[in-house]
Amino acid sequence: MFRTALRNVLAHKARLLMTVLAVTLGVAFVSGTLVFTDTLKKSLSGQSAKSYEGIAVSVTSYGQGRNEQGEKEGEPGLGQQTLDKIKALPGVETVSGRVSGFAGVGDESGKLIGSGWSNQGANYTPVKDGKDLRYAFAQGAGPAKADEVALDKATADKGNYKVGDKVRVATNGPVKEYSLTGVFTTEDGAVQAGGSLVLFETKVAQELYLKPGYFQELSVGAKNGTSADKLLADIKPLLDKNAKAQTGAALAAEQAKQIEKGLSNLSTMLLVFAGISLFVGIFLIYNTFTMLVTQRTKELALLRAVGANRGQVMRSVLSEALVVGVLSAAVGLVSGIGLAIGIRSVIGSLGAKLPGGSLVIAPGTVTAALVIGVVVTTVAAVLPAWRTGKIAPVAAMGSAHLPATAKSLLVRNILGSIISLGGIGLVFLGVSTGGNPGRMTMGAGAFFMLIGMIVLLPLLSKPVIGTVRPLLAKLFGIPGKLASQNAVRNPRRTAVTAASLAIGLTLVTTLSVLGITVGKVVDRMSTEKLKADYRVSMSSDAGSLDKSVAETLSKAPGIKAVSPQTAGYFLVDGDFRAASGVNPATIGQLLNVEVLSGSLDSLGKGEVAVAEKTAKKQNFTVGTPIKLKYDDGQEASVKVGAIFKDMEGLLSPYVIDNKILAEHSEEMYIPEVYVNVDGGASKAAQQKVVDALGKNPAITVATQQDMRNEMGGMINTMLNIMYGLLGMALVISVLGVVNTLAMSVFERTQEIGMLRAIGLDRGRVKNMIRLEAVVISLFGAVLGVAIGVFLAWAVGTTIAKSMPNYELILPWDRIGIFLLLAAVVGVLAAMWPARSAARLNMLTAIKTE
């Protein structure tokens with residue numbers, strides 16, 4: 001029986017090709033993900049371990065902490081005194097301190113080199129033989145004076161900088177010019193991520209990023225014969241409670257775990273989409289084996305007639321699936337390795353530098369590929385194989401078809417209705433529950449809804465496709481009428497073919513509706529409330545602006561109003577609360593603050609404005625005194641001067657005068673500065689703001705439209721990634737349509753020959769097959785879009801409370817594109833089957849059984 005199964009596979013290799021492709025794509029997605037993440041994990045862990053070579057102990061400071069009263073305590077970092085104590089220990093050979101933060105370098109045109117978040121600055125600390133062992137200099141040497149810097153090689157190449165050139169470097173304040181003393185190579189993560197690294201003389205770096213005389217980290221080298229554990233035990237008593245010491249090996253292992261954890265999230269996301277692709281592939285495999293079993297009814301009945309029992313016939317079909325699964329898994333594994341290489345190349349072309357190293361093909365990856373390929377194929381073939389056991393030997397003398405009985409369809413419809421209603425009930429339960437628990441319930445409901453829909457598709461196909469039958473007949477004549485009839489001739493087959501498209505478009509539509517709706521809401525929140533002509537911030541949200549930015553702009557000609565948006569905290573009744581510092585004189589000109597009671601002018605009198613939700617929760621009204629404890633520990637009683645409508649994303653629940661926050665804060669965190677100019681926004685006015693800031697490459701001057709584009713770009717990027725990941729499932733859906741039509745043409749060879757004989761020419765035969773494919777594709781697409789919109793509405797209700805002015809937006813343009821693409825998919829999928837049908841010799845076809 002196994003030899004018979006193998007011969008059947010070889011005999012029907014053309015018909016099984018699409019099945020092999022579907023499983024291959026799914027397995028390739030899984031194995032490619034595993035190979036890529038395993039390789040990246042090993043490379044990054046190796047890079048991490050390399051960066052800690054020669055470091056026996058690493059000491060990290062977490063800065064000043066707070067006691068139970070909210071007062072700061074401890075040192076801002078690791079002081080020179082601590083460094084000297086560690087250096088004096090008997091087993092210590094070297095100690096080097098490090099401080100780091102944002103630093104941006106401009107190219108020849110003044111634009112920032114690299115991504116803002118990965119542009120870093122640090123100190124150069126020679127500790128052995130006059131060198132800092134973390135950096136290998138290709139040209140020149142490290143900085144030794146306050147006006148000198150060194151650059152990593154990639155940044156120097158991008159900016160065409162050579163030793164001796166003047167380099168414009170920006171941190172969070174004015175741009176400064178430094179002399180370039182050296183170009184180095186490094187394993188630093190910021191550089192590997194496509195950013196830049198600027199090395200300053202240590203005192204300069206301390207002033208920029210911490211405080212003179214303090215470091216954020218200390219790297220300790222041990223003398224020969226001194227163990228890292230012994231050194232660690234000696235160092236720990238010298239540290240305060242806000243510092244932590246670890247051996248270099250322990251720190252490298254910890255970072256390796258963090259890398260693994262971070263990559264596991266990426267791997268999980270990719271594997272989810274791979275799972276969707278494989279789930280869609282199950283329908284293709286099921287359809288293929290169902291049609292093969294139907295077409296081979298006589299053959300299987302003959303096997304029964306010559307002595308094969310039901311179990312042997314069933315195992316024969318499952319053996320065919322096993323052979324297809326093993327072949328698909330093997331090809332998928334090889335393809336997955338190629339996919340992993342391709343992903344590395346694409347990421348490299350985008351500017352990120354992945355560490356080198358050979359591909360990691362773990363035994364688990366090979367096992368996963370084989371198991372997934374075999375299990376998915378075999379599971380999908382179980383039901384068709386089970387049906388072979390119902391074939392009686394007498395069927396060898398009868399029809400070649402085993403139509404579904406009315407009883408089986410009735411049972412299917414009842415079961416599908418129960419599952420669908422249960423899923424819909426869970427979705428509505430999730431809507432009423434809300435929050436994360438509601439979304440979990442909703443996810444379970446969505447799953448059962450999709451399963452129920454798949455089960456009910458044969459019932460839905462006749463009425464839904466029947467509604468377009470008159471239109472097809474009117475527009476396309478006989479081919480249109482025949483196509484609509486063929487599409488519902490076998491409801492089960494149509495249902496399974498349409499199901500794969502429906503699943504893919506359900507997910508795509510849900511993501512699209514939610515993404516665009518959230519994007520519009522955030523857009524309204526950020527721009528309708530904004531009166532300012534420009535928002536000044538660090539590039540790529542790389543940190544805080546220096547207070548000199550607002551001071552410089554307020555003195556610049558043509559600037560009408562300036563308000564730095566300061567982020568701070570204070571204690572209210574013993575609890576930390578976020579506060580926004582603003583300029584009371586200009587905030588009303590720059591933000592559209594809806595005051596419900598009181599006046600914003602009260603901010604200038606030292607009073608505080610409170611957001612509506614917070615005021616209701618705390619029972620605050622205008623005039624209510626609030627006991628505050630500021631960042632420096634000082635206490636004050638401040639009146640509520642105004643209550644305003646919540647402005648999430650723009651203002652914290654508490655708003656106070658910038659000057660008051662500055663008096664009680666050691667360092668001001670200023671994420672943005674809002675600006676109005678004389679005459680309103682224009683390109684010329686924007687350039688004035690840029691010029692006033694010294695054409696700083698690290699600072700972005702954004703218009704309201706820039707802010708809209710930024711948000712829209714983020715949403716579109718996210719959606720495009722999702723579309724790309726779901727593309728595999730849609731490709732498998734297309735293969736399913738091709739496979740169904742191709743095997744359907746083979747099944748209807750005699751019928752097509754008869755149609756040709758009575759006058760249906762080749763062109764009309766092609767149109768009939770094409771229209772059948774379009775009808776099936778659109779049937780699945782319409783159902784998928786409808787369910788996707790429903791699920792997007794349901795999920796939207798759970799986030800509406802946290803997003804003011806939430807309103808579901810249906811992107812009709814994208815929905816139209818999805819339906820159009822489904823029709824195009826039908827036309828493309830029908831090309832080969834339609835051509836095959838049109839080329840059939842009518843006399844030969846008529847004689848075919």
# chains A, B, ... in the order shown; residues from 1 in each chain; ligands from 1
call {"tool": "select_by_dssp", "arguments": {"residues": "segment 156-350 of chain A", "states": "helix (DSSP H, G or I)", "output": "PyMOL selection string"}}
result
chain A and resi 156-158+189-192+202-209+228-238+248-295+297-305+310-349
call {"tool": "residues_around", "arguments": {"residues": "Tyr286 of chain A", "least_positions_apart": "3", "cutoff": "12 Å", "atoms": "only C-alpha atoms", "output": "PyMOL selection string"}}
result
chain A and resi 16+18-19+22-23+279-283+289-293+317-318+321+376-386+492-493+495-497+499-500+736+739-740
call {"tool": "write_last_selection", "arguments": {"atoms": "C-alpha atoms", "output": "CSV table (one decimal), in the first residue's frame"}}
result
chain,number,residue,atom,x,y,z
A,16,LEU,CA,0.1,18.2,-5.6
A,18,MET,CA,0.5,23.8,-5.1
A,19,THR,CA,0.2,21.8,-1.9
A,22,ALA,CA,1.9,26.1,0.4
A,23,VAL,CA,3.6,23.9,3.0
A,279,PHE,CA,-3.4,27.6,9.0
A,280,VAL,CA,-4.4,29.0,5.7
A,281,GLY,CA,-2.3,26.3,4.0
A,282,ILE,CA,-4.4,23.6,5.8
A,283,PHE,CA,-7.4,24.6,3.7
A,289,PHE,CA,-6.8,15.7,-1.0
A,290,THR,CA,-10.6,15.9,-1.0
A,291,MET,CA,-10.6,16.5,-4.8
A,292,LEU,CA,-7.9,13.8,-5.4
A,293,VAL,CA,-9.9,11.3,-3.4
A,317,VAL,CA,-4.0,8.4,1.5
A,318,LEU,CA,-2.2,9.4,4.7
A,321,ALA,CA,0.2,13.2,2.7
A,376,VAL,CA,0.2,20.2,9.0
A,377,THR,CA,0.0,18.1,5.8
A,378,THR,CA,-1.1,14.9,7.6
A,379,VAL,CA,-3.7,16.7,9.8
A,380,ALA,CA,-5.2,18.4,6.8
A,381,ALA,CA,-5.5,15.1,5.0
A,382,VAL,CA,-7.1,13.2,7.8
A,383,LEU,CA,-10.7,14.0,7.0
A,384,PRO,CA,-10.4,13.2,3.2
A,385,ALA,CA,-8.5,10.0,4.2
A,386,TRP,CA,-11.3,9.0,6.6
A,492,ARG,CA,-17.7,22.7,0.2
A,493,ARG,CA,-15.0,23.2,-2.3
A,495,ALA,CA,-16.1,27.4,0.9
A,496,VAL,CA,-12.6,25.9,1.6
A,497,THR,CA,-11.1,27.9,-1.3
A,499,ALA,CA,-11.9,30.6,3.5
A,500,SER,CA,-8.2,31.1,3.0
A,736,GLY,CA,-5.4,27.6,-3.3
A,739,ASN,CA,-5.1,24.6,-7.3
A,740,THR,CA,-8.9,24.4,-7.0
call {"tool": "residues_around", "arguments": {"residues": "Leu429 of chain A", "least_positions_apart": "2", "cutoff": "8 Å", "atoms": "only C-alpha atoms", "output": "list in words"}}
result
Gly425, Leu426, Val427, Val431, Ser432, Thr433, Gly438, Thr441 and Met442 of chain A
call {"tool": "closest_residue", "arguments": {"among": "A:Asn172, A:Leu460, A:Leu693, A:Arg770", "to": "Lys555 of chain A", "atoms": "only C-alpha atoms"}}
result
A:Leu693
call {"tool": "residues_around", "arguments": {"residues": "Leu370 of chain A", "least_positions_apart": "3", "cutoff": "9 Å", "atoms": "only C-alpha atoms", "output": "count of residues only"}}
result
14
call {"tool": "closest_residue", "arguments": {"among": "A:Ile587, A:Ile721, A:Leu783, A:Ala49", "to": "Ala561 of chain A", "atoms": "only C-alpha atoms"}}
result
A:Ile587
call {"tool": "select_by_dssp", "arguments": {"residues": "segment 634-714 of chain A", "states": "strand (DSSP E or B)", "output": "JSON, numbers by chain"}}
result
{"A": [635, 636, 637, 638, 639, 640, 641, 642, 643, 644, 654, 655, 656, 657, 669, 670, 671, 672, 673, 674, 675, 676, 677, 699, 700, 701, 702, 703]}
call {"tool": "residues_around", "arguments": {"residues": "Val595 of chain A", "least_positions_apart": "2", "cutoff": "8 Å", "atoms": "only C-alpha atoms", "output": "ChimeraX atom specification"}}
result
/A:593,597-600,642-645
call {"tool": "write_last_selection", "arguments": {"atoms": "all heavy atoms", "output": "PDB file, in the first residue's frame"}}
result
ATOM      1  N   VAL A 593      -6.130  75.204  24.990  1.00  0.00           N
ATOM      2  CA  VAL A 593      -6.528  74.618  26.260  1.00  0.00           C
ATOM      3  C   VAL A 593      -7.976  75.009  26.563  1.00  0.00           C
ATOM      4  O   VAL A 593      -8.297  76.195  26.656  1.00  0.00           O
ATOM      5  CB  VAL A 593      -5.608  75.078  27.412  1.00  0.00           C
ATOM      6  CG1 VAL A 593      -5.976  74.367  28.699  1.00  0.00           C
ATOM      7  CG2 VAL A 593      -4.149  74.821  27.066  1.00  0.00           C
ATOM      8  N   SER A 597     -13.184  75.778  34.242  1.00  0.00           N
ATOM      9  CA  SER A 597     -13.441  76.744  35.318  1.00  0.00           C
ATOM     10  C   SER A 597     -12.124  77.390  35.716  1.00  0.00           C
ATOM     11  O   SER A 597     -11.054  76.816  35.543  1.00  0.00           O
ATOM     12  CB  SER A 597     -14.091  76.067  36.530  1.00  0.00           C
ATOM     13  OG  SER A 597     -13.275  75.035  37.039  1.00  0.00           O
ATOM     14  N   GLY A 598     -12.200  78.618  36.238  1.00  0.00           N
ATOM     15  CA  GLY A 598     -10.995  79.342  36.587  1.00  0.00           C
ATOM     16  C   GLY A 598     -10.350  79.978  35.366  1.00  0.00           C
ATOM     17  O   GLY A 598     -10.996  80.179  34.329  1.00  0.00           O
ATOM     18  N   SER A 599      -9.051  80.268  35.447  1.00  0.00           N
ATOM     19  CA  SER A 599      -8.339  80.926  34.347  1.00  0.00           C
ATOM     20  C   SER A 599      -6.876  80.508  34.353  1.00  0.00           C
ATOM     21  O   SER A 599      -6.271  80.300  35.417  1.00  0.00           O
ATOM     22  CB  SER A 599      -8.446  82.445  34.515  1.00  0.00           C
ATOM     23  OG  SER A 599      -7.601  83.096  33.586  1.00  0.00           O
ATOM     24  N   LEU A 600      -6.318  80.395  33.140  1.00  0.00           N
ATOM     25  CA  LEU A 600      -4.892  80.056  33.021  1.00  0.00           C
ATOM     26  C   LEU A 600      -4.001  81.194  33.506  1.00  0.00           C
ATOM     27  O   LEU A 600      -2.811  80.986  33.765  1.00  0.00           O
ATOM     28  CB  LEU A 600      -4.547  79.713  31.573  1.00  0.00           C
ATOM     29  CG  LEU A 600      -5.082  78.376  31.029  1.00  0.00           C
ATOM     30  CD1 LEU A 600      -4.644  78.183  29.576  1.00  0.00           C
ATOM     31  CD2 LEU A 600      -4.609  77.196  31.875  1.00  0.00           C
ATOM     32  N   ALA A 642      -7.216  76.719  37.974  1.00  0.00           N
ATOM     33  CA  ALA A 642      -8.011  76.411  36.772  1.00  0.00           C
ATOM     34  C   ALA A 642      -8.183  74.904  36.650  1.00  0.00           C
ATOM     35  O   ALA A 642      -7.327  74.130  37.099  1.00  0.00           O
ATOM     36  CB  ALA A 642      -7.333  76.970  35.525  1.00  0.00           C
ATOM     37  N   ILE A 643      -9.298  74.514  36.066  1.00  0.00           N
ATOM     38  CA  ILE A 643      -9.549  73.103  35.717  1.00  0.00           C
ATOM     39  C   ILE A 643      -9.785  73.058  34.211  1.00  0.00           C
ATOM     40  O   ILE A 643     -10.607  73.823  33.684  1.00  0.00           O
ATOM     41  CB  ILE A 643     -10.753  72.537  36.489  1.00  0.00           C
ATOM     42  CG1 ILE A 643     -10.417  72.484  37.987  1.00  0.00           C
ATOM     43  CG2 ILE A 643     -11.109  71.143  35.983  1.00  0.00           C
ATOM     44  CD1 ILE A 643     -11.563  72.056  38.868  1.00  0.00           C
ATOM     45  N   PHE A 644      -9.024  72.207  33.506  1.00  0.00           N
ATOM     46  CA  PHE A 644      -9.079  72.185  32.052  1.00  0.00           C
ATOM     47  C   PHE A 644      -9.400  70.787  31.531  1.00  0.00           C
ATOM     48  O   PHE A 644      -9.249  69.789  32.242  1.00  0.00           O
ATOM     49  CB  PHE A 644      -7.748  72.668  31.452  1.00  0.00           C
ATOM     50  CG  PHE A 644      -6.562  71.807  31.790  1.00  0.00           C
ATOM     51  CD1 PHE A 644      -6.143  70.770  30.954  1.00  0.00           C
ATOM     52  CD2 PHE A 644      -5.848  72.020  32.959  1.00  0.00           C
ATOM     53  CE1 PHE A 644      -5.064  69.980  31.260  1.00  0.00           C
ATOM     54  CE2 PHE A 644      -4.746  71.227  33.289  1.00  0.00           C
ATOM     55  CZ  PHE A 644      -4.356  70.200  32.439  1.00  0.00           C
ATOM     56  N   LYS A 645      -9.874  70.739  30.297  1.00  0.00           N
ATOM     57  CA  LYS A 645     -10.182  69.470  29.640  1.00  0.00           C
ATOM     58  C   LYS A 645      -8.884  68.701  29.428  1.00  0.00           C
ATOM     59  O   LYS A 645      -7.873  69.280  29.011  1.00  0.00           O
ATOM     60  CB  LYS A 645     -10.847  69.745  28.285  1.00  0.00           C
ATOM     61  CG  LYS A 645     -11.574  68.559  27.689  1.00  0.00           C
ATOM     62  CD  LYS A 645     -12.941  68.390  28.302  1.00  0.00           C
ATOM     63  CE  LYS A 645     -13.724  67.305  27.574  1.00  0.00           C
ATOM     64  NZ  LYS A 645     -15.003  67.025  28.250  1.00  0.00           N
TER      65      LYS A 645
END
call {"tool": "residues_around", "arguments": {"residues": "Lys257 of chain A", "least_positions_apart": "6", "cutoff": "10 Å", "atoms": "only C-alpha atoms", "output": "VMD selection string"}}
result
chain A and resid 41 45 251 263
call {"tool": "write_last_selection", "arguments": {"atoms": "all heavy atoms", "output": "compact mmCIF listing (two decimals), in the first residue's frame"}}
result
# COMPACT_ATOMS: atom_id res chain seq x y z
N LYS A 41 20.99 36.10 17.86
CA LYS A 41 21.21 35.94 19.30
C LYS A 41 22.66 35.56 19.58
O LYS A 41 23.31 36.13 20.46
CB LYS A 41 20.26 34.88 19.85
CG LYS A 41 20.41 34.62 21.34
CD LYS A 41 19.32 33.69 21.84
CE LYS A 41 19.46 32.31 21.26
NZ LYS A 41 18.43 31.37 21.77
N SER A 45 25.21 38.10 21.39
CA SER A 45 25.77 37.62 22.66
C SER A 45 27.29 37.57 22.58
O SER A 45 28.00 37.93 23.54
CB SER A 45 25.23 36.23 22.99
OG SER A 45 23.83 36.26 23.17
N LEU A 251 27.83 40.10 33.87
CA LEU A 251 27.14 41.15 33.11
C LEU A 251 26.94 40.75 31.66
O LEU A 251 25.89 41.00 31.06
CB LEU A 251 27.95 42.45 33.20
CG LEU A 251 27.24 43.75 32.80
CD1 LEU A 251 25.95 43.92 33.59
CD2 LEU A 251 28.15 44.94 33.01
N LEU A 263 14.78 39.23 21.56
CA LEU A 263 14.61 38.53 20.28
C LEU A 263 13.45 37.54 20.34
O LEU A 263 12.85 37.23 19.31
CB LEU A 263 15.90 37.80 19.91
CG LEU A 263 17.05 38.70 19.46
CD1 LEU A 263 18.30 37.87 19.22
CD2 LEU A 263 16.70 39.47 18.21
call {"tool": "closest_residue", "arguments": {"among": "A:Glu663, A:Asp646, A:Pro697, A:Ser417", "to": "Val167 of chain A", "atoms": "only C-alpha atoms"}}
result
A:Pro697
call {"tool": "closest_residue", "arguments": {"among": "A:Ala585, A:Leu180, A:Leu501, A:Ala578", "to": "Ala823 of chain A", "atoms": "only C-alpha atoms"}}
result
A:Leu501
call {"tool": "atom_distance", "arguments": {"atom1": "atom CA of Pro584 of chain A", "atom2": "atom CA of Val622 of chain A"}}
result
17.2 Å
call {"tool": "atom_distance", "arguments": {"atom1": "atom CA of Leu322 of chain A", "atom2": "atom CA of Ser267 of chain A"}}
result
27.6 Å
call {"tool": "atom_distance", "arguments": {"atom1": "atom CA of Phe36 of chain A", "atom2": "atom CA of Leu735 of chain A"}}
result
26.3 Å
call {"tool": "closest_residue", "arguments": {"among": "A:Val765, A:Leu719, A:Ile660, A:Leu421", "to": "Gly604 of chain A", "atoms": "only C-alpha atoms"}}
result
A:Ile660
